[in-house]
Amino acid sequence: MFKFFKRIFQLLMGLLVIAIVATIGIVNFVNPNQFKDTIERTVSERTGHELNIRGPITWRWFPILALQLEDVVLKNRTPFTGHLLSAKIIGAKCELEPLLLGKIALDIQLKGLDLMLSKNAKGQTNWAELKQRLATPDTANTSSARIGLNGIMVQNGQVTLVDDTKQSHYVLNHVNISAEHLLKGAIGISNPFSLSFELGSHQQPIGHLSLESEWSLKQGGESIHFQNIAFEFKLPNGHITHLHGAADIQNLKRIPTVQGHLAGDAIQIGKIKIDALKANFVAKGGLIHIAPIDIKIAHSQQKATLKIDLSNDTPKYFLTQEAQDFEINHLLALFGKKDKLEGKTRLKMNLSATGSSVAEWQRSLSGQGEIEIRNGKFHGIDLIHLGKNAQSRVHGLVNSFIQKLSINPSSALGTEAEKWKTTQSSSIFTPFETAKGRVMITNGVVRNPDLAISHPEYAINGAGTVQLSNNTIQYQTSFLLKNNPYPENNKIGRFLYQTPLTIQISGTLNDPVIRPDMTSYFGSALSFAQKQVVETVVEKVLTPENLNKALEHLLNR
């Protein structure tokens, strides 16, 4: 029996020696470049894209199996030209230990990667064929179940995203990715992961992004835990945003779910500065829920939720926001509209938008909201002075008309209108106690049907629209003084006190034109004056004495 096992062992050792010698012979004496045509044909059949290996192919077998291809190009299909993917070097390594167990654990290295993702004006994409073929299971080839990605390294890559339907062009330059031991990671053992690139659009730099973290396997290999996430985004002006947090990827063998939390200070998005942010997030099947979101912005604490739907070609966004007792002037200052409006503000919004750019968000923005501002100021105009002055001037004109009956209303109105070309100045303002109203937004058009502003000296009601796409406003308000400065028996004064002055607001949000409608105001006063003239004439003519004389005259005829 012992001799039998000895012979079996000798046989196995002999076979192992033969295998090693054969491998050495294949690696050293077989030129891998003779397989170029086979590799190019196989990849082209599998992906639907023509593959060209323009450089040499090299391989080695010890201490690991390795294959390297140089100057590789995967061409686009018609109607696209050029390449879908190119790389100066594509390398694949496989350790011997898992190979002896019938598994291939690949480590992929890409140097000088250039990935071009394009959508033409007809909505066609250059990756559609590749996506369809890779998504179709290959039932004839069961070996793919034994092949896994153990690590990936991208060095100095570039990714270009062009969408002619939206006239957008984004480039990720200097892309570097490092992820190792994806299949070998033991439960609880941390492994490093890093990602960095520079983002640009239409040859304009947007910023530099980097992400570093540590990951480990959990729950029997069905979950990955990311800890010590450090996210950094550097703007061209040098401002750096830092975020930190943790995340878990669960259900790796089914539909993965990503959940975690992020927090950061001194965050800048475009021109908007956020003092602090904390948020939890969950992502599954193209849907991302970020809630709750605690934001410290413009010296205020605000709460929000955000849902992002990436399941279709066009992203969709759903946002709710609520804020209490913040100074609206601080918030407006973030958008370059400082000293337009002041007051303690309560805000509640429920919004949705679609698209991938600010312009698309503005055009598609829809939803509703409520706003209330207390103890505030409108900068640039003194409505109380304007209202009192208008009332006084119109009262004087109407009195002249009644008393003299010689005034030319058209001429007087024209002269008066010239005095009401309002000019704005940041040194003047209109105070108010409360200002509140609702907003309804449809495809970027903001409508407010019920503006109500109150103050001990006046009241304002208004309605209008704002076009976000071109930043214009069309608004009409009625201004009514509350304190009648004229005696009770002054009919004209009482009429003006009860008649609102219409004020038109138009132009752009940055430089609105505020114009009182003196034509309507003066016209109403003149109509009232005409009645007063008629009444005065009737009172003077139809006196009891005159009536008696008229009766006597009729009876004596």
# chains A, B, ... in the order shown; residues from 1 in each chain; ligands from 1
>>> closest_atom_pairs(of="range 272-383 of chain A", to="range 467-482 of chain A", cutoff="8 Å", atoms="only C-alpha atoms", output="JSON lines")
{"residue": "A:Ala359", "atom": "CA", "partner": "A:Ser469", "partner_atom": "CA", "distance": 7.1}
{"residue": "A:Gln362", "atom": "CA", "partner": "A:Ser469", "partner_atom": "CA", "distance": 5.8}
{"residue": "A:Arg363", "atom": "CA", "partner": "A:Ser469", "partner_atom": "CA", "distance": 6.1}
>>> residues_around(residues="Tyr458 in chain A", least_positions_apart="2", cutoff="9 Å", atoms="only C-alpha atoms", output="number ranges by chain")
A: 383-384, 387, 432, 453-456, 460, 479-483
>>> write_last_selection(atoms="N, CA, C and O atoms", output="PDB file, in the first residue's frame")
ATOM      1  N   LEU A 383     -42.567 103.446  -0.545  1.00  0.00           N
ATOM      2  CA  LEU A 383     -43.948 103.403  -1.007  1.00  0.00           C
ATOM      3  C   LEU A 383     -44.863 104.298  -0.172  1.00  0.00           C
ATOM      4  O   LEU A 383     -45.855 104.833  -0.691  1.00  0.00           O
ATOM      5  N   ILE A 384     -44.569 104.465   1.106  1.00  0.00           N
ATOM      6  CA  ILE A 384     -45.410 105.324   1.948  1.00  0.00           C
ATOM      7  C   ILE A 384     -45.343 106.769   1.461  1.00  0.00           C
ATOM      8  O   ILE A 384     -46.366 107.439   1.285  1.00  0.00           O
ATOM      9  N   GLY A 387     -47.127 106.990  -1.937  1.00  0.00           N
ATOM     10  CA  GLY A 387     -48.580 106.996  -1.836  1.00  0.00           C
ATOM     11  C   GLY A 387     -49.132 108.302  -1.321  1.00  0.00           C
ATOM     12  O   GLY A 387     -50.117 108.838  -1.855  1.00  0.00           O
ATOM     13  N   PHE A 432     -42.278  97.085   6.459  1.00  0.00           N
ATOM     14  CA  PHE A 432     -43.543  96.369   6.546  1.00  0.00           C
ATOM     15  C   PHE A 432     -43.523  95.440   7.761  1.00  0.00           C
ATOM     16  O   PHE A 432     -42.455  95.076   8.262  1.00  0.00           O
ATOM     17  N   ILE A 453     -49.282  92.288   1.994  1.00  0.00           N
ATOM     18  CA  ILE A 453     -48.296  93.000   2.810  1.00  0.00           C
ATOM     19  C   ILE A 453     -49.040  93.970   3.714  1.00  0.00           C
ATOM     20  O   ILE A 453     -49.899  94.732   3.243  1.00  0.00           O
ATOM     21  N   SER A 454     -48.701  93.940   4.987  1.00  0.00           N
ATOM     22  CA  SER A 454     -49.407  94.805   5.927  1.00  0.00           C
ATOM     23  C   SER A 454     -48.428  95.670   6.707  1.00  0.00           C
ATOM     24  O   SER A 454     -47.274  95.288   6.938  1.00  0.00           O
ATOM     25  N   HIS A 455     -48.943  96.893   7.076  1.00  0.00           N
ATOM     26  CA  HIS A 455     -48.177  97.867   7.846  1.00  0.00           C
ATOM     27  C   HIS A 455     -49.194  98.822   8.475  1.00  0.00           C
ATOM     28  O   HIS A 455     -50.290  99.009   7.930  1.00  0.00           O
ATOM     29  N   PRO A 456     -48.896  99.435   9.623  1.00  0.00           N
ATOM     30  CA  PRO A 456     -49.866 100.358  10.229  1.00  0.00           C
ATOM     31  C   PRO A 456     -50.297 101.491   9.314  1.00  0.00           C
ATOM     32  O   PRO A 456     -51.405 102.033   9.462  1.00  0.00           O
ATOM     33  N   ILE A 460     -50.893  96.313   1.027  1.00  0.00           N
ATOM     34  CA  ILE A 460     -50.604  95.989  -0.371  1.00  0.00           C
ATOM     35  C   ILE A 460     -51.134  94.588  -0.662  1.00  0.00           C
ATOM     36  O   ILE A 460     -50.916  93.656   0.112  1.00  0.00           O
ATOM     37  N   PHE A 479     -51.933  99.508  -3.826  1.00  0.00           N
ATOM     38  CA  PHE A 479     -51.409 100.139  -2.613  1.00  0.00           C
ATOM     39  C   PHE A 479     -52.495 101.033  -2.026  1.00  0.00           C
ATOM     40  O   PHE A 479     -53.050 101.894  -2.713  1.00  0.00           O
ATOM     41  N   LEU A 480     -52.801 100.829  -0.729  1.00  0.00           N
ATOM     42  CA  LEU A 480     -53.870 101.597  -0.099  1.00  0.00           C
ATOM     43  C   LEU A 480     -53.401 102.131   1.247  1.00  0.00           C
ATOM     44  O   LEU A 480     -52.970 101.356   2.116  1.00  0.00           O
ATOM     45  N   LEU A 481     -53.437 103.473   1.390  1.00  0.00           N
ATOM     46  CA  LEU A 481     -53.095 104.086   2.673  1.00  0.00           C
ATOM     47  C   LEU A 481     -54.214 103.839   3.687  1.00  0.00           C
ATOM     48  O   LEU A 481     -55.395 103.848   3.341  1.00  0.00           O
ATOM     49  N   LYS A 482     -53.809 103.624   4.947  1.00  0.00           N
ATOM     50  CA  LYS A 482     -54.798 103.320   5.982  1.00  0.00           C
ATOM     51  C   LYS A 482     -55.265 104.566   6.744  1.00  0.00           C
ATOM     52  O   LYS A 482     -56.353 104.569   7.312  1.00  0.00           O
ATOM     53  N   ASN A 483     -54.459 105.616   6.783  1.00  0.00           N
ATOM     54  CA  ASN A 483     -54.780 106.800   7.611  1.00  0.00           C
ATOM     55  C   ASN A 483     -55.214 107.956   6.706  1.00  0.00           C
ATOM     56  O   ASN A 483     -54.410 108.496   5.941  1.00  0.00           O
TER      57      ASN A 483
END
>>> closest_residue(among="A:Leu331, A:Leu51, A:Val162, A:Val398", to="Ser524 in chain A", atoms="only C-alpha atoms")
A:Val398
>>> closest_residue(among="A:Ile381, A:Leu106, A:Ile240, A:Ala353", to="Ile428 in chain A", atoms="only C-alpha atoms")
A:Ile381
>>> closest_residue(among="A:Leu306, A:Leu117, A:Leu65, A:Ile57", to="Phe80 in chain A", atoms="only C-alpha atoms")
A:Leu117
>>> residues_around(residues="Gly264 in chain A", least_positions_apart="3", cutoff="6 Å", atoms="only C-alpha atoms", output="list in words")
His242, Leu243, Ala276 and Leu277 of chain A
>>> decode(residues="range 206-230 of chain A", atoms="C-alpha atoms", output="compact mmCIF listing (two decimals), in the first residue's frame")
# COMPACT_ATOMS: atom_id res chain seq x y z
CA ILE A 206 -14.84 73.08 -13.05
CA GLY A 207 -12.79 71.52 -10.29
CA HIS A 208 -10.64 68.67 -9.04
CA LEU A 209 -12.29 65.76 -7.23
CA SER A 210 -10.61 63.13 -5.09
CA LEU A 211 -12.04 60.33 -2.98
CA GLU A 212 -10.22 58.05 -0.59
CA SER A 213 -11.65 55.35 1.64
CA GLU A 214 -11.11 51.97 3.25
CA TRP A 215 -13.38 49.01 2.58
CA SER A 216 -13.97 45.61 4.11
CA LEU A 217 -16.27 42.66 3.53
CA LYS A 218 -19.23 41.97 5.84
CA GLN A 219 -22.07 39.45 6.18
CA GLY A 220 -20.34 36.52 4.53
CA GLY A 221 -19.14 38.53 1.57
CA GLU A 222 -22.56 39.91 0.60
CA SER A 223 -21.87 43.41 1.91
CA ILE A 224 -19.00 45.91 1.65
CA HIS A 225 -18.40 48.53 4.32
CA PHE A 226 -16.66 51.78 3.39
CA GLN A 227 -15.19 53.71 6.27
CA ASN A 228 -13.08 56.83 6.63
CA ILE A 229 -14.49 58.25 3.40
CA ALA A 230 -12.66 61.48 2.60
